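Student: Below is the file input18.cif, with mmCIF, C-alpha atoms.
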```cif
data_entry
#
loop_
_atom_site.group_PDB
_atom_site.id
_atom_site.type_symbol
_atom_site.label_atom_id
_atom_site.label_comp_id
_atom_site.auth_asym_id
_atom_site.auth_seq_id
_atom_site.Cartn_x
_atom_site.Cartn_y
_atom_site.Cartn_z
ATOM 1 C CA MET A 1 133.012 37.982 187.990
ATOM 2 C CA MET A 2 129.477 39.337 187.865
ATOM 3 C CA LYS A 3 126.440 37.099 187.915
ATOM 4 C CA ALA A 4 124.691 36.776 184.549
ATOM 5 C CA ARG A 5 121.563 38.909 184.430
ATOM 6 C CA THR A 6 118.188 38.440 182.824
ATOM 7 C CA VAL A 7 117.211 41.587 180.940
ATOM 8 C CA GLY A 8 113.760 42.084 179.457
ATOM 9 C CA ILE A 9 113.190 44.187 176.350
ATOM 10 C CA GLY A 10 109.644 45.361 175.599
ATOM 11 C CA MET A 11 109.210 44.797 171.852
ATOM 12 C CA ASP A 12 106.447 45.827 169.469
ATOM 13 C CA TYR A 13 108.741 46.397 166.450
ATOM 14 C CA SER A 14 108.149 50.161 166.569
ATOM 15 C CA PRO A 15 111.116 52.468 166.006
ATOM 16 C CA THR A 16 111.227 53.262 169.737
ATOM 17 C CA SER A 17 111.279 49.604 170.784
ATOM 18 C CA LYS A 18 114.072 48.986 168.271
ATOM 19 C CA SER A 19 115.938 51.935 169.815
ATOM 20 C CA ALA A 20 115.416 50.363 173.245
ATOM 21 C CA LEU A 21 116.867 47.066 172.027
ATOM 22 C CA ASN A 22 119.822 48.815 170.422
ATOM 23 C CA TRP A 23 120.465 50.822 173.602
ATOM 24 C CA ALA A 24 120.332 47.689 175.766
ATOM 25 C CA ILE A 25 122.744 45.823 173.479
ATOM 26 C CA ASN A 26 125.251 48.693 173.465
ATOM 27 C CA ASN A 27 124.966 49.882 177.071
ATOM 28 C CA LEU A 28 123.582 47.170 179.327
ATOM 29 C CA ILE A 29 124.060 43.640 178.019
ATOM 30 C CA ASP A 30 127.250 41.859 179.069
ATOM 31 C CA GLU A 31 128.691 38.529 178.046
ATOM 32 C CA GLY A 32 126.664 35.652 179.474
ATOM 33 C CA ASP A 33 123.486 37.650 180.159
ATOM 34 C CA GLN A 34 120.082 36.495 178.959
ATOM 35 C CA ILE A 35 117.764 38.689 176.902
ATOM 36 C CA VAL A 36 114.035 38.042 177.094
ATOM 37 C CA VAL A 37 112.220 39.810 174.269
ATOM 38 C CA VAL A 38 108.757 40.484 175.705
ATOM 39 C CA HIS A 39 105.952 40.867 173.174
ATOM 40 C CA VAL A 40 102.470 41.952 174.217
ATOM 41 C CA VAL A 41 99.870 41.249 171.559
ATOM 42 C CA SER A 42 96.432 42.842 171.466
ATOM 43 C CA PRO A 43 93.824 40.758 173.288
ATOM 44 C CA LYS A 44 91.736 41.031 170.106
ATOM 45 C CA ALA A 45 94.291 38.976 168.168
ATOM 46 C CA ASP A 46 93.362 35.331 167.889
ATOM 47 C CA PRO A 47 96.462 33.253 167.160
ATOM 48 C CA THR A 48 96.471 29.490 167.541
ATOM 49 C CA ASN A 49 98.129 29.380 170.963
ATOM 50 C CA LYS A 50 96.324 32.313 172.607
ATOM 51 C CA GLN A 51 93.762 30.280 174.553
ATOM 52 C CA LEU A 52 96.370 27.878 175.864
ATOM 53 C CA PHE A 53 98.710 30.608 177.161
ATOM 54 C CA GLU A 54 96.442 33.629 177.644
ATOM 55 C CA ASP A 55 96.919 33.842 181.423
ATOM 56 C CA THR A 56 100.610 32.953 181.745
ATOM 57 C CA GLY A 57 102.016 33.975 178.393
ATOM 58 C CA SER A 58 103.756 31.650 175.979
ATOM 59 C CA PRO A 59 106.577 29.365 177.007
ATOM 60 C CA LEU A 60 110.039 30.848 176.485
ATOM 61 C CA ILE A 61 110.818 30.586 172.772
ATOM 62 C CA PRO A 62 114.515 30.244 171.826
ATOM 63 C CA LEU A 63 115.727 32.677 169.160
ATOM 64 C CA GLU A 64 116.394 29.827 166.717
ATOM 65 C CA GLU A 65 112.723 28.782 166.879
ATOM 66 C CA PHE A 66 111.380 32.325 166.983
ATOM 67 C CA ARG A 67 113.062 33.040 163.632
ATOM 68 C CA GLU A 68 110.848 30.398 162.003
ATOM 69 C CA ILE A 69 107.855 32.147 160.470
ATOM 70 C CA ASN A 70 105.420 29.344 161.384
ATOM 71 C CA VAL A 71 106.355 29.531 165.067
ATOM 72 C CA SER A 72 105.935 33.318 165.142
ATOM 73 C CA LYS A 73 102.569 33.162 163.392
ATOM 74 C CA HIS A 74 101.308 30.681 165.988
ATOM 75 C CA TYR A 75 101.702 33.522 168.476
ATOM 76 C CA GLY A 76 100.265 36.234 166.215
ATOM 77 C CA LEU A 77 103.603 37.919 165.460
ATOM 78 C CA THR A 78 105.499 38.914 162.356
ATOM 79 C CA PRO A 79 109.126 39.316 163.413
ATOM 80 C CA ASP A 80 111.121 42.188 162.021
ATOM 81 C CA PRO A 81 114.278 41.092 160.148
ATOM 82 C CA GLU A 82 116.256 44.040 161.569
ATOM 83 C CA VAL A 83 115.395 43.022 165.147
ATOM 84 C CA LEU A 84 116.243 39.378 164.450
ATOM 85 C CA ASP A 85 119.603 40.422 162.984
ATOM 86 C CA MET A 86 120.394 42.549 166.058
ATOM 87 C CA LEU A 87 119.500 39.638 168.345
ATOM 88 C CA ASP A 88 121.535 37.155 166.254
ATOM 89 C CA THR A 89 124.555 39.438 166.368
ATOM 90 C CA VAL A 90 124.448 40.015 170.132
ATOM 91 C CA SER A 91 123.903 36.315 170.801
ATOM 92 C CA ARG A 92 127.073 35.488 168.838
ATOM 93 C CA THR A 93 129.322 38.397 169.815
ATOM 94 C CA LYS A 94 128.500 38.553 173.532
ATOM 95 C CA ARG A 95 127.482 34.911 174.003
ATOM 96 C CA VAL A 96 124.066 36.031 175.178
ATOM 97 C CA LYS A 97 121.115 33.653 175.394
ATOM 98 C CA VAL A 98 118.087 35.158 173.630
ATOM 99 C CA VAL A 99 114.508 33.993 174.146
ATOM 100 C CA ALA A 100 111.100 35.488 173.398
ATOM 101 C CA LYS A 101 107.928 35.450 175.477
ATOM 102 C CA VAL A 102 104.481 36.467 174.209
ATOM 103 C CA TYR A 103 101.614 37.811 176.316
ATOM 104 C CA TRP A 104 98.119 38.920 175.313
ATOM 105 C CA GLY A 105 96.433 41.928 176.892
ATOM 106 C CA ASP A 106 97.219 45.401 178.212
ATOM 107 C CA PRO A 107 100.931 46.095 177.716
ATOM 108 C CA ARG A 108 101.173 47.926 181.051
ATOM 109 C CA GLU A 109 99.938 44.975 183.066
ATOM 110 C CA LYS A 110 101.627 42.283 180.992
ATOM 111 C CA LEU A 111 105.075 43.912 181.169
ATOM 112 C CA ILE A 112 104.744 43.922 184.965
ATOM 113 C CA ASP A 113 103.641 40.261 184.815
ATOM 114 C CA ALA A 114 106.755 39.485 182.756
ATOM 115 C CA VAL A 115 109.050 41.168 185.275
ATOM 116 C CA GLU A 116 107.502 39.196 188.128
ATOM 117 C CA GLN A 117 107.127 35.802 186.416
ATOM 118 C CA LEU A 118 110.534 35.816 184.756
ATOM 119 C CA LYS A 119 112.306 37.462 187.712
ATOM 120 C CA LEU A 120 113.896 40.008 185.405
ATOM 121 C CA ASP A 121 116.889 41.903 186.769
ATOM 122 C CA SER A 122 116.114 44.868 184.524
ATOM 123 C CA LEU A 123 113.585 45.935 181.880
ATOM 124 C CA VAL A 124 114.206 48.249 178.917
ATOM 125 C CA VAL A 125 111.297 49.842 177.062
ATOM 126 C CA GLY A 126 110.897 52.503 174.417
ATOM 127 C CA SER A 127 108.915 55.686 174.821
ATOM 128 C CA ARG A 128 106.555 56.903 172.141
ATOM 129 C CA GLY A 129 107.136 60.473 173.279
ATOM 130 C CA LEU A 130 103.490 61.349 173.847
ATOM 131 C CA GLY A 131 102.747 64.926 174.808
ATOM 132 C CA VAL A 132 101.355 65.672 178.267
ATOM 133 C CA LEU A 133 97.697 65.697 177.131
ATOM 134 C CA LYS A 134 97.919 62.443 175.149
ATOM 135 C CA ARG A 135 99.810 60.784 178.013
ATOM 136 C CA VAL A 136 97.003 61.750 180.418
ATOM 137 C CA LEU A 137 94.239 60.638 178.051
ATOM 138 C CA LEU A 138 95.832 57.476 176.639
ATOM 139 C CA GLY A 139 98.081 56.523 179.516
ATOM 140 C CA SER A 140 101.759 55.901 179.168
ATOM 141 C CA VAL A 141 103.007 52.335 179.189
ATOM 142 C CA SER A 142 106.509 53.435 180.153
ATOM 143 C CA ASN A 143 105.289 55.640 183.049
ATOM 144 C CA TYR A 144 103.150 52.812 184.407
ATOM 145 C CA VAL A 145 105.984 50.299 184.169
ATOM 146 C CA VAL A 146 108.489 52.662 185.834
ATOM 147 C CA ASP A 147 106.045 53.241 188.704
ATOM 148 C CA ASN A 148 105.044 49.591 189.212
ATOM 149 C CA ALA A 149 107.893 47.277 188.197
ATOM 150 C CA PRO A 150 109.844 45.648 191.041
ATOM 151 C CA CYS A 151 113.130 45.979 189.091
ATOM 152 C CA PRO A 152 115.063 48.835 187.498
ATOM 153 C CA VAL A 153 113.427 50.099 184.294
ATOM 154 C CA THR A 154 115.197 52.051 181.566
ATOM 155 C CA VAL A 155 113.051 54.115 179.220
ATOM 156 C CA VAL A 156 114.730 54.895 175.901
ATOM 157 C CA LYS A 157 113.374 57.914 174.104
ATOM 158 C CA GLY A 158 112.741 57.663 170.404
ATOM 159 C CA ALA A 159 114.415 59.976 167.951
ATOM 160 C CA SER A 160 112.913 63.456 167.852
ATOM 161 C CA PRO A 161 111.073 64.238 164.643
ATOM 162 C CA SER A 162 113.212 66.546 162.514
ATOM 163 C CA LYS A 163 111.942 70.109 162.379
ATOM 164 C CA PRO A 164 111.824 72.030 159.116
#
```
Kindly present the structure from the file in structure tokens form.
Tutor:
Amino acid sequence: MMKARTVGIGMDYSPTSKSALNWAINNLIDEGDQIVVVHVVSPKADPTNKQLFEDTGSPLIPLEEFREINVSKHYGLTPDPEVLDMLDTVSRTKRVKVVAKVYWGDPREKLIDAVEQLKLDSLVVGSRGLGVLKRVLLGSVSNYVVDNAPCPVTVVKGASPSKP
């Protein structure tokens, strides 16, 4: 029997992060694993708990609590019902423990912090599919994480825009 793993999912509620979650549920997550949904909020946001947890991120928030709108708002988040439904379903069908963790700052650095602090066995992130020029100018979160994370990282590409 395999040891239960802790798998991080980078989540910003974009279509590509939802694709990453869906991919992880269907291809990576096994019964008994733990999913940590890692949110990185802009440092400009000013939720109630930011000052208390700015350096270390929030405590781990169980899915049952995270569903409560007041809890999410304390961390500056508005959870997506589709994501919550996917997490509810996987927690029931595969007996997976689901928790959320919120960080404030640069997503590149904070995703690496999450991997290290939470001792993640794997991290799954979405890719916005930036072109070469935009990736050079703006920087790619997924490229940075792949190059710097001390665990395996899976980058899930978003759906290609349909061409006329």
Student: Can you list what the PyMOL selection byres ((chain A and resi 119) around 10) grabs from this structure, as number ranges by chain?
Tutor: A: 5-8, 113-118, 120-122, 150-151
Student: Applied to this file, what does the PyMOL selection byres ((chain A and resi 125) around 9) return in terms of residues, put as a list in words?
Tutor: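 Matching residues under the PyMOL selection byres ((chain A and resi 125) around 9) are Gly8, Ile9, Gly10, Met11, Thr16, Ser17, Ser19, Ala20, Leu21, Leu123, Val124, Gly126, Ser127, Val141, Ser142, Val145, Val153, Thr154, Val155, Val156 and Lys157 of chain A.
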Student: Considering all atoms listed in the file, can you say which of A:Asn22, A:Asn27, A:Asn148, A:Gln34 comes closest to A:Lys97?
Tutor: A:Gln34
Student: To verify the selection step, state as a ChimeraX atom specification which residues the PyMOL selection byres ((chain A and resi 32) around 9) yields on this input.
Tutor: /A:3-5,29-31,33-34,94-97
Student: Mind writing the picked residues with C-alpha atoms as a short mmCIF file (atom, residue, chain, number, x, y, z; two decimals), in the frame of the given file?
Tutor:
```cif
data_model
loop_
_atom_site.label_atom_id
_atom_site.label_comp_id
_atom_site.auth_asym_id
_atom_site.auth_seq_id
_atom_site.Cartn_x
_atom_site.Cartn_y
_atom_site.Cartn_z
CA LYS A 3 126.44 37.10 187.92
CA ALA A 4 124.69 36.78 184.55
CA ARG A 5 121.56 38.91 184.43
CA ILE A 29 124.06 43.64 178.02
CA ASP A 30 127.25 41.86 179.07
CA GLU A 31 128.69 38.53 178.05
CA ASP A 33 123.49 37.65 180.16
CA GLN A 34 120.08 36.49 178.96
CA LYS A 94 128.50 38.55 173.53
CA ARG A 95 127.48 34.91 174.00
CA VAL A 96 124.07 36.03 175.18
CA LYS A 97 121.12 33.65 175.39
#
```
Student: Report, in Å to a single decimal, how far apart atom CA of A:Ser14 and atom CA of A:Gly76 are.
Tutor: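 Calculated distance between atom CA of A:Gly76 and atom CA of A:Ser14 is 16.0 Å.
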Student: Interatomic distance between atom CA of A:Asp147 and atom CA of A:Asp55?
Tutor: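 So the answer is 22.6 Å.
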Student: Could you write out as JSON the box around stretch 65-84 of chain A (axis-aligned, all atoms listed in the file, 3 Å on each side), with centre and edge lengths in Å to one decimal?
Tutor:
```
{"center_x": 108.3, "center_y": 36.4, "center_z": 164.3, "size_x": 22.0, "size_y": 21.3, "size_z": 14.3}
```
Student: Atom CA of A:Pro15 and atom CA of A:His39, how far apart in Å?
Tutor: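 Between these atoms lies a distance of 14.6 Å.
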Student: Nearest to A:Leu84 among A:Val102, A:Ser58, A:Pro152, A:Tyr13, with distances taken over all atoms listed in the file: which residue is it?
Tutor: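 Selected residue with least distance to A:Leu84: A:Tyr13.
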Student: Could you check which of A:Ala100, A:Gly158, A:Phe66, A:Asp106 is closest to A:Tyr144, using all atoms listed in the file?
Tutor: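 The shortest atom-to-atom distance to A:Tyr144 comes from A:Asp106.
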Student: Name the closest residue to A:Lys110 among the candidates A:Leu87, A:Ile35, A:Val40, A:Ile25; distances are taken between atoms, counting all atoms listed in the file.
Tutor: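 Checking each candidate against A:Lys110, we get A:Val40 as the closest.
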Student: Measuring between all atoms listed in the file, which one of A:Ser42, A:Val37, A:Ser72, A:Pro107 shows the shortest distance to A:Ala24?
Tutor: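 Among the listed residues, the smallest separation from A:Ala24 belongs to A:Val37.
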